[in-house]
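As stored in final_5.cif (mmCIF, C-alpha atoms):
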```cif
data_entry
#
loop_
_atom_site.label_atom_id
_atom_site.label_comp_id
_atom_site.auth_asym_id
_atom_site.auth_seq_id
_atom_site.Cartn_x
_atom_site.Cartn_y
_atom_site.Cartn_z
CA MET T 29 -2.72 -22.49 16.76
CA ASP T 30 -2.13 -23.81 13.26
CA ARG T 31 -1.18 -20.71 11.31
CA ARG T 32 -2.38 -22.26 8.06
CA GLY T 33 -5.86 -22.47 9.48
CA ALA T 34 -5.81 -19.14 11.31
CA THR T 35 -8.41 -16.59 10.30
CA ALA T 36 -7.05 -13.85 8.07
CA GLU T 37 -8.60 -10.44 8.68
CA ILE T 38 -9.53 -8.40 5.60
CA LEU T 39 -9.74 -4.65 6.20
CA LEU T 40 -12.06 -2.75 3.84
CA ALA T 41 -12.15 1.04 3.97
CA VAL T 42 -14.98 2.52 1.89
CA HIS T 43 -15.91 5.99 0.72
CA ASP T 44 -18.41 6.57 -2.11
CA GLY T 45 -17.61 3.17 -3.59
CA GLU T 46 -21.12 2.11 -4.63
CA ALA T 47 -20.27 1.64 -8.32
CA TYR T 48 -17.82 -1.22 -7.78
CA LEU T 49 -18.29 -2.34 -4.19
CA ARG T 50 -20.55 -5.34 -4.84
CA GLU T 51 -18.10 -6.77 -7.36
CA GLN T 52 -15.27 -6.55 -4.85
CA LEU T 53 -17.31 -8.11 -2.05
CA ASP T 54 -18.43 -10.94 -4.32
CA SER T 55 -14.82 -11.64 -5.30
CA ILE T 56 -13.89 -11.99 -1.62
CA LEU T 57 -16.76 -14.39 -1.04
CA LYS T 58 -15.38 -16.60 -3.83
CA GLN T 59 -11.96 -17.12 -2.21
CA THR T 60 -10.72 -20.69 -2.26
CA ASP T 61 -9.18 -20.14 1.18
CA GLY T 62 -12.21 -19.96 3.46
CA ASN T 63 -10.38 -18.90 6.63
CA TRP T 64 -11.13 -15.19 6.52
CA HIS T 65 -13.19 -12.49 8.17
CA LEU T 66 -13.96 -9.06 6.73
CA THR T 67 -14.18 -5.83 8.71
CA ALA T 68 -15.96 -3.25 6.57
CA SER T 69 -15.94 0.44 7.44
CA ASP T 70 -17.55 3.38 5.68
CA ASP T 71 -16.21 6.94 5.91
CA GLY T 72 -19.33 9.03 5.47
CA SER T 73 -20.26 7.96 1.95
CA ARG T 74 -22.93 10.02 0.24
CA ASP T 75 -23.92 7.23 -2.14
CA GLY T 76 -25.29 3.77 -1.41
CA SER T 77 -22.05 2.27 -0.06
CA ALA T 78 -23.15 2.06 3.56
CA ALA T 79 -26.39 0.31 2.57
CA ILE T 80 -24.44 -2.23 0.52
CA LEU T 81 -22.16 -2.98 3.46
CA ASP T 82 -25.18 -3.34 5.75
CA GLU T 83 -26.77 -5.75 3.28
CA TYR T 84 -23.73 -7.99 2.98
CA ALA T 85 -23.11 -7.96 6.74
CA ALA T 86 -26.72 -9.08 7.27
CA ARG T 87 -26.44 -11.81 4.64
CA PHE T 88 -23.07 -13.11 5.89
CA PRO T 89 -22.95 -12.32 9.63
CA ASP T 90 -20.24 -14.91 10.33
CA ARG T 91 -18.05 -13.51 7.57
CA ILE T 92 -18.55 -9.75 7.58
CA THR T 93 -18.64 -7.28 10.46
CA ARG T 94 -19.69 -3.69 10.00
CA HIS T 95 -17.40 -1.28 11.80
CA PHE T 96 -18.74 2.14 12.70
CA PRO T 97 -15.87 4.55 13.44
CA ASP T 98 -16.49 7.36 15.88
CA ARG T 99 -15.05 9.99 13.55
CA ARG T 100 -14.58 10.97 9.92
CA PHE T 101 -11.20 10.37 8.30
CA GLY T 102 -11.38 12.13 4.96
CA ASN T 103 -8.70 9.91 3.40
CA ALA T 104 -7.81 6.26 2.95
CA ARG T 105 -4.52 6.60 4.86
CA ASP T 106 -6.06 7.46 8.22
CA HIS T 107 -8.99 5.11 7.66
CA PHE T 108 -6.72 2.11 7.07
CA PHE T 109 -4.39 3.01 9.95
CA HIS T 110 -7.48 3.10 12.18
CA LEU T 111 -8.68 -0.32 11.01
CA MET T 112 -5.20 -1.81 11.39
CA ALA T 113 -4.89 -0.48 14.94
CA GLY T 114 -8.15 -2.17 15.91
CA CYS T 115 -7.23 -5.54 14.39
CA ASP T 116 -5.65 -8.22 16.58
CA ALA T 117 -5.28 -10.89 13.87
CA GLY T 118 -1.85 -12.31 13.15
CA PHE T 119 -2.34 -11.82 9.42
CA MET T 120 -4.31 -9.02 7.74
CA LEU T 121 -4.99 -7.92 4.17
CA PHE T 122 -5.94 -4.46 2.94
CA CYS T 123 -8.86 -4.24 0.54
CA ASP T 124 -9.69 -1.40 -1.84
CA GLN T 125 -13.35 -0.86 -2.65
CA ASP T 126 -12.97 -0.73 -6.43
CA ASP T 127 -10.67 -3.67 -7.21
CA ALA T 128 -11.55 -7.35 -7.61
CA TRP T 129 -9.67 -10.34 -6.22
CA TYR T 130 -8.88 -13.55 -8.04
CA PRO T 131 -10.19 -16.66 -6.22
CA ASP T 132 -6.72 -17.79 -5.08
CA LYS T 133 -5.52 -14.38 -3.84
CA LEU T 134 -5.89 -15.14 -0.14
CA ALA T 135 -4.47 -18.66 -0.45
CA ARG T 136 -1.41 -17.50 -2.39
CA THR T 137 -0.81 -14.53 -0.10
CA ARG T 138 -1.14 -16.68 3.02
CA GLU T 139 1.34 -19.19 1.63
CA ALA T 140 3.89 -16.46 0.91
CA MET T 141 3.41 -15.01 4.41
CA LEU T 142 3.86 -18.40 6.07
CA GLU T 143 7.01 -19.07 4.05
CA ALA T 144 8.44 -15.70 5.05
CA GLU T 145 7.59 -16.18 8.73
CA ASP T 146 9.06 -19.68 8.68
CA ARG T 147 12.26 -18.26 7.25
CA TYR T 148 12.61 -15.07 9.27
CA GLY T 149 10.48 -15.71 12.36
CA GLU T 150 6.95 -14.68 13.32
CA GLY T 151 8.34 -11.74 15.27
CA THR T 152 9.87 -10.25 12.12
CA PRO T 153 7.80 -7.47 10.50
CA ILE T 154 6.73 -8.87 7.12
CA LEU T 155 4.81 -7.43 4.19
CA VAL T 156 3.60 -9.57 1.27
CA PHE T 157 2.26 -8.08 -1.94
CA SER T 158 1.53 -9.24 -5.45
CA ASP T 159 1.25 -7.89 -8.94
CA GLN T 160 -2.14 -6.83 -10.31
CA VAL T 161 -3.70 -6.43 -13.74
CA PRO T 162 -4.49 -2.77 -14.48
CA THR T 163 -7.91 -2.44 -16.09
CA ASP T 164 -10.35 0.25 -17.12
CA GLU T 165 -13.61 0.74 -15.20
CA LYS T 166 -15.21 -2.10 -17.19
CA LEU T 167 -12.39 -4.48 -16.16
CA ARG T 168 -10.86 -4.46 -19.63
CA PRO T 169 -7.10 -5.01 -19.20
CA LEU T 170 -4.78 -2.10 -19.95
CA ALA T 171 -1.65 -4.21 -19.54
CA PRO T 172 -0.72 -7.68 -18.21
CA SER T 173 1.19 -6.32 -15.20
CA LEU T 174 0.67 -3.24 -13.03
CA MET T 175 4.27 -3.40 -11.79
CA ARG T 176 5.67 -3.30 -15.31
CA TYR T 177 3.03 -0.84 -16.51
CA GLN T 178 4.26 1.61 -13.88
CA GLY T 179 7.92 0.73 -14.33
CA HIS T 180 8.29 -0.46 -10.74
CA TYR T 181 11.25 -2.49 -9.50
CA PHE T 182 10.87 -5.66 -7.49
CA GLU T 183 14.30 -7.32 -7.59
CA ARG T 184 15.14 -6.02 -4.11
CA PHE T 185 13.57 -3.70 -1.58
CA ASP T 186 15.65 -0.97 0.02
CA TYR T 187 13.76 1.32 2.38
CA ARG T 188 15.66 4.33 1.06
CA ALA T 189 14.52 3.60 -2.48
CA ILE T 190 10.95 3.06 -1.27
CA LEU T 191 10.95 6.43 0.51
CA MET T 192 11.89 7.96 -2.84
CA GLN T 193 9.29 5.98 -4.80
CA ASN T 194 6.69 3.58 -3.46
CA VAL T 195 6.24 0.30 -5.33
CA VAL T 196 3.67 -1.38 -3.07
CA THR T 197 -0.05 -1.04 -3.86
CA GLY T 198 -2.18 -1.15 -0.73
CA GLY T 199 -4.93 -3.28 -2.23
CA ALA T 200 -2.40 -5.96 -3.12
CA MET T 201 -0.66 -6.23 0.24
CA ALA T 202 -0.87 -8.12 3.50
CA VAL T 203 1.02 -7.59 6.75
CA ASN T 204 1.67 -9.70 9.81
CA ARG T 205 1.05 -8.66 13.39
CA ALA T 206 4.68 -7.61 13.94
CA LEU T 207 4.55 -5.14 11.05
CA ALA T 208 1.13 -3.84 12.08
CA ARG T 209 2.54 -2.95 15.50
CA LEU T 210 5.67 -1.36 14.07
CA GLY T 211 3.92 0.43 11.20
CA GLY T 212 1.31 1.85 13.52
CA ARG T 213 3.84 4.45 14.62
CA GLY T 214 2.98 6.36 11.47
CA ALA T 215 -0.67 6.81 12.42
CA GLY T 216 -1.80 10.37 13.05
CA ASP T 217 1.16 11.97 11.28
CA ASP T 218 0.06 14.04 8.29
CA ARG T 219 3.57 13.83 6.85
CA VAL T 220 2.90 10.17 6.04
CA ILE T 221 1.79 10.13 2.40
CA MET T 222 -0.06 6.81 2.34
CA HIS T 223 -0.39 3.86 4.71
CA ASP T 224 0.96 1.37 2.14
CA TRP T 225 4.01 3.55 1.44
CA TRP T 226 4.82 3.84 5.14
CA LEU T 227 4.33 0.15 5.87
CA ALA T 228 6.51 -0.81 2.89
CA ALA T 229 9.36 1.43 4.07
CA ALA T 230 9.11 0.09 7.62
CA ALA T 231 9.09 -3.52 6.41
CA ALA T 232 12.07 -2.95 4.11
CA ARG T 233 14.15 -1.36 6.89
CA PHE T 234 13.18 -3.44 9.91
CA GLY T 235 11.82 -6.65 8.42
CA GLN T 236 11.17 -8.29 5.08
CA ILE T 237 9.09 -7.78 1.94
CA ALA T 238 7.95 -10.80 -0.08
CA TYR T 239 6.74 -10.16 -3.62
CA ILE T 240 4.55 -12.51 -5.67
CA ASP T 241 5.39 -11.81 -9.30
CA GLU T 242 1.97 -12.76 -10.57
CA PRO T 243 -1.33 -10.85 -10.62
CA LEU T 244 -3.73 -11.97 -7.88
CA GLY T 245 -6.38 -9.41 -8.70
CA VAL T 246 -7.23 -6.41 -10.84
CA TYR T 247 -6.47 -2.75 -10.25
CA ARG T 248 -9.43 -0.88 -11.64
CA GLN T 249 -8.52 2.46 -13.21
CA HIS T 250 -11.25 5.09 -13.22
CA GLY T 251 -11.77 8.76 -12.61
CA GLY T 252 -12.18 8.38 -8.89
CA ASN T 253 -8.93 6.59 -7.98
CA ALA T 254 -7.14 8.08 -4.99
CA VAL T 255 -3.78 7.61 -6.75
CA GLY T 256 -4.22 5.86 -10.09
CA ALA T 257 -1.95 3.78 -12.32
CA LYS T 258 0.26 5.51 -14.85
CA ASP T 259 2.02 4.15 -17.93
CA VAL T 260 5.44 5.64 -17.18
CA ASN T 261 6.88 4.42 -20.48
CA SER T 262 4.48 6.48 -22.57
CA LEU T 263 5.39 9.77 -24.23
CA GLY T 264 2.23 11.23 -22.74
CA TYR T 265 3.45 10.58 -19.22
CA ALA T 266 6.81 12.21 -19.90
CA ALA T 267 5.14 15.25 -21.48
CA ASP T 268 2.75 15.53 -18.55
CA ARG T 269 5.61 15.53 -16.06
CA LEU T 270 7.54 18.16 -17.97
CA GLY T 271 4.45 20.33 -18.02
CA LYS T 272 3.97 20.05 -14.28
CA LEU T 273 7.36 20.76 -12.80
CA ARG T 274 5.81 22.58 -9.84
CA GLN T 275 3.78 19.51 -9.00
CA VAL T 276 6.87 17.33 -9.37
CA ARG T 277 8.73 19.57 -6.96
CA ALA T 278 5.79 19.52 -4.53
CA SER T 279 5.72 15.72 -4.69
CA ILE T 280 9.42 15.53 -3.85
CA LEU T 281 8.91 17.88 -0.89
CA ARG T 282 6.17 15.58 0.42
CA LYS T 283 8.57 12.65 0.18
CA LYS T 284 11.15 14.66 2.11
CA ALA T 285 8.62 15.41 4.85
CA GLN T 286 7.73 11.72 5.05
CA ALA T 287 11.43 10.86 5.38
CA ALA T 288 11.68 13.30 8.29
CA ALA T 289 8.70 11.60 9.93
CA PHE T 290 10.32 8.19 9.40
CA ALA T 291 13.50 9.42 11.09
CA GLU T 292 11.54 10.69 14.09
CA ARG T 293 9.19 7.74 14.53
CA TYR T 294 11.94 5.13 14.26
CA CYS T 295 14.84 7.03 15.81
CA ASP T 296 15.39 4.22 18.31
CA GLY T 297 16.08 1.64 15.60
CA LEU T 298 18.20 3.60 13.13
CA ASP T 299 21.97 3.45 12.79
CA ALA T 300 24.36 6.24 11.81
CA ASP T 301 24.08 5.52 8.09
CA ASP T 302 20.29 5.62 8.27
CA ARG T 303 20.32 8.93 10.10
CA ALA T 304 22.79 10.43 7.64
CA PHE T 305 20.63 9.43 4.68
CA LEU T 306 17.34 10.58 6.20
CA GLU T 307 18.74 13.88 7.40
CA ALA T 308 20.20 14.65 3.98
CA PHE T 309 17.11 13.52 2.09
CA ALA T 310 14.75 15.54 4.30
CA ARG T 311 16.51 18.83 3.58
CA PRO T 312 14.64 21.17 1.19
CA ARG T 313 17.64 20.87 -1.14
CA SER T 314 19.63 17.71 -0.57
CA GLY T 315 22.59 18.78 -2.67
CA LEU T 316 24.51 17.42 -5.62
CA GLY T 317 26.61 15.21 -3.36
CA PHE T 318 23.48 13.47 -2.08
CA PHE T 319 22.22 12.93 -5.62
CA LEU T 320 25.52 11.47 -6.81
CA LYS T 321 25.82 9.21 -3.76
CA TYR T 322 22.29 7.84 -3.84
CA ARG T 323 21.27 8.18 -7.49
CA GLY T 324 21.30 4.40 -7.84
CA LEU T 325 18.35 4.27 -5.42
CA ILE T 326 16.29 6.70 -7.50
CA HIS T 327 14.32 4.49 -9.81
CA GLY T 328 14.23 4.85 -13.58
CA LYS T 329 12.78 8.05 -14.96
CA GLN T 330 12.56 9.50 -11.45
CA ARG T 331 16.31 10.10 -11.65
CA LYS T 332 15.77 13.02 -13.99
CA ALA T 333 13.42 14.66 -11.53
CA GLY T 334 15.87 13.92 -8.74
CA MET T 335 18.69 15.60 -10.62
CA LEU T 336 16.52 18.68 -11.03
CA PHE T 337 15.15 18.97 -7.54
CA LEU T 338 17.18 16.99 -5.01
CA ASN T 339 20.23 19.21 -5.47
#
```

Turn the structure described in the file into structure tokens.
Amino acid sequence: MDRRGATAEILLAVHDGEAYLREQLDSILKQTDGNWHLTASDDGSRDGSAAILDEYAARFPDRITRHFPDRRFGNARDHFFHLMAGCDAGFMLFCDQDDAWYPDKLARTREAMLEAEDRYGEGTPILVFSDQVPTDEKLRPLAPSLMRYQGHYFERFDYRAILMQNVVTGGAMAVNRALARLGGRGAGDDRVIMHDWWLAAAAARFGQIAYIDEPLGVYRQHGGNAVGAKDVNSLGYAADRLGKLRQVRASILRKKAQAAAFAERYCDGLDADDRAFLEAFARPRSGLGFFLKYRGLIHGKQRKAGMLFLN
């Protein structure tokens, strides 16, 4: 099959997304690359989300399929892992209910995926993601670049650095079949923080990450975001972190638990250096030696928190 003409599967996990859902669905329908299919799933919404999905599935039956899971998930992580496990496409994109895609998002993402697979092989786990424009709820831009707004790196992708700080936004990413199979090992493990974080770490260690340094959609910032964008260069952000040291510590402990899960789930593919890093990182207190050895992997302002809590 011609991979350029293969159908890309878009996975949409919805929960109480009525306010912005139509805008996202309409943006998908306007894609210049017409080789796509959307699987839309609702996780017990109490608003009109399910009715909206039913409406669009009825209007575009060849484009949109309603998926009805046999259980409640309660979070985006488990919902997306479930949708990924049920998808047999060679190329799949993750779709957040409250963003909006630019018309060339799918075309540009497909091109980057094809280039990566041509270079590294279709059997190589590959993740592609792009920048986004952070906006307010009315789609008024907050900054030109989400990556720069959040102070994220993109020059290279080391799985150890990603386990310390995720830089991949789920709504901006796509994975190939090889990564979906490999990344599925994280499903069902509550130590996994988010599906995008896990998939990014797996791709960086066992495959490749391709980054498109250009926004291909908007990241809508509003009161209901599961994570939310943060201007890490602002004084307000620094003050907020200093005022919430317990939360910072709790966040680091969650990262440590996720590292332990990574070590267990991928024990068959890790070398001695990997195991040494993961074992040391997963300890409740990693020690000053760990901090000094790996501080170069702790990104930007996170180094200060690492100095406080990793040792």

| field | Expected residue set, 12 Å radius at (-2.1, -5.6, 4.4), only C-alpha atoms, as a PyMOL selection string | value | chain T and resi 36-40+108-109+111-112+115+117-124+134+137-138+141+153-158+196-208+211+223-228+231+237

| task | Output the residue selection produced by the PyMOL selection byres ((chain T and resi 83) around 12) on the file above, formatted as a list in words. | result |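 With the PyMOL selection byres ((chain T and resi 83) around 12) on this model, the match is Leu49, Arg50, Leu53, Ala68, Gly76, Ser77, Ala78, Ala79, Ile80, Leu81, Asp82, Tyr84, Ala85, Ala86, Arg87, Phe88, Pro89, Ile92, Thr93 and Arg94 of chain T.
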
| task | Could you tell me which of T:Asp106, T:Glu307, T:Asp127, T:Asp70 comes closest to Gln52 of chain T if we count only C-alpha atoms? | result |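 The shortest atom-to-atom distance to Gln52 of chain T comes from T:Asp127.
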
| query | Between T:Pro97, T:Arg277, T:Ile326, T:Lys166, which is the closest to His180 of chain T once you count only C-alpha atoms? | reply | T:Ile326

| message | I want to know what sits within 9 Å of Gln59 of chain T, based on only C-alpha atoms, with residues of the same chain fewer than 4 positions away left out; could you give that as a PyMOL selection string? | response | chain T and resi 55+64+129-135

Near-Asp301 of chain T list (12 Å; all atoms listed in the file; drop same-chain fewer than 6 positions) as a PDB file with C-alpha atoms, in the coordinates of the input:
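Final output, saved to out-v3.pdb:
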```
ATOM      1  CA  ARG T 188      15.660   4.330   1.060  1.00  0.00           C
ATOM      2  CA  ALA T 291      13.500   9.420  11.090  1.00  0.00           C
ATOM      3  CA  GLU T 307      18.740  13.880   7.400  1.00  0.00           C
ATOM      4  CA  ALA T 308      20.200  14.650   3.980  1.00  0.00           C
TER       5      ALA T 308
END
```

| task | Could you check how far atom CA of Gly151 of chain T sits from atom CA of Ile56 of chain T, in Å to one decimal? | result |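 Pair atom CA of Gly151 of chain T / atom CA of Ile56 of chain T returns 27.9 Å.
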
| task | Would you write out, as a ChimeraX atom specification, every residue that the PyMOL selection byres ((chain T and resi 191) around 9) captures in this file? | result | /T:186-190,192-194,225-226,228-229,283-284,286-287

| said: With all atoms listed in the file as the counted atoms, please give the residues lying no more than 12 Å from Glu292 of chain T, apart from itself and same-chain residues fewer than 5 positions off, as an MDAnalysis selection string. | reply: chainID T and resid 213:214 217 219:220 285:287 297:298 302:303 306:307 310

| note | Judged by all atoms listed in the file, the minimum distance to Pro312 of chain T among T:Cys295, T:Ala238, T:Ala278, T:Val42 is found for T:Ala278

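Interatomic distance, atom CA of Glu242 of chain T against atom CA of Tyr177 of chain T: 13.4 Å.
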
| request: Give me the residues within 6 Å of Glu165 of chain T as a list in words, counting all atoms listed in the file and dropping any in the same chain fewer than 4 places off. | output: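 Those residues are Arg248, Gln249 and His250 of chain T.
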
| said: Give me the residues near Asp90 of chain T as a PyMOL selection string, where near means some atom within 12 Å (using only C-alpha atoms) and where sequence neighbours in that chain fewer than 6 positions away do not count. | reply: chain T and resi 35+57+62-67+84

Written file, previous selection with C-alpha atoms, as a PDB file, in the coordinates of the input:
```pdb
ATOM      1  CA  THR T  35      -8.410 -16.590  10.300  1.00  0.00           C
ATOM      2  CA  LEU T  57     -16.760 -14.390  -1.040  1.00  0.00           C
ATOM      3  CA  GLY T  62     -12.210 -19.960   3.460  1.00  0.00           C
ATOM      4  CA  ASN T  63     -10.380 -18.900   6.630  1.00  0.00           C
ATOM      5  CA  TRP T  64     -11.130 -15.190   6.520  1.00  0.00           C
ATOM      6  CA  HIS T  65     -13.190 -12.490   8.170  1.00  0.00           C
ATOM      7  CA  LEU T  66     -13.960  -9.060   6.730  1.00  0.00           C
ATOM      8  CA  THR T  67     -14.180  -5.830   8.710  1.00  0.00           C
ATOM      9  CA  TYR T  84     -23.730  -7.990   2.980  1.00  0.00           C
TER      10      TYR T  84
END
```

| said: What's the separation between atom CA of Thr152 of chain T and atom CA of Tyr181 of chain T, in Å to one decimal place? | reply: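 Here the two named atoms are 23.0 Å from each other.
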
| query | Counting all atoms listed in the file, which of T:Met175, T:Gly149, T:Val246, T:Gly216 gets nearest to Val161 of chain T? | reply |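 Closest to Val161 of chain T of all the choices is T:Val246.
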
| message | Going by the chain IDs and residue numbers used in this file, which residues fall under the PyMOL selection byres ((chain T and resi 160) around 7)? Write them as a list in words. | response |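 Matching residues under the PyMOL selection byres ((chain T and resi 160) around 7) are Ser158, Asp159, Val161, Pro162, Ser173, Leu174, Pro243, Leu244, Gly245, Val246 and Tyr247 of chain T.
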
| Nearest residue to Tyr322 of chain T from the set T:Leu273, T:Ile240, T:Ala140, T:Ala304 (distances using only C-alpha atoms) |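 Counting only C-alpha atoms, the residue closest to Tyr322 of chain T is T:Ala304.
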
Find the smallest box with edges along x, y and z containing every listed atom of segment 160-178 of chain T, then add 6 Å on each side and report centre and edge lengths in Å to one decimal, as AutoDock Vina command-line options.
```
--center_x -4.8 --center_y -3.0 --center_z -15.1 --size_x 32.9 --size_y 21.3 --size_z 21.6
```
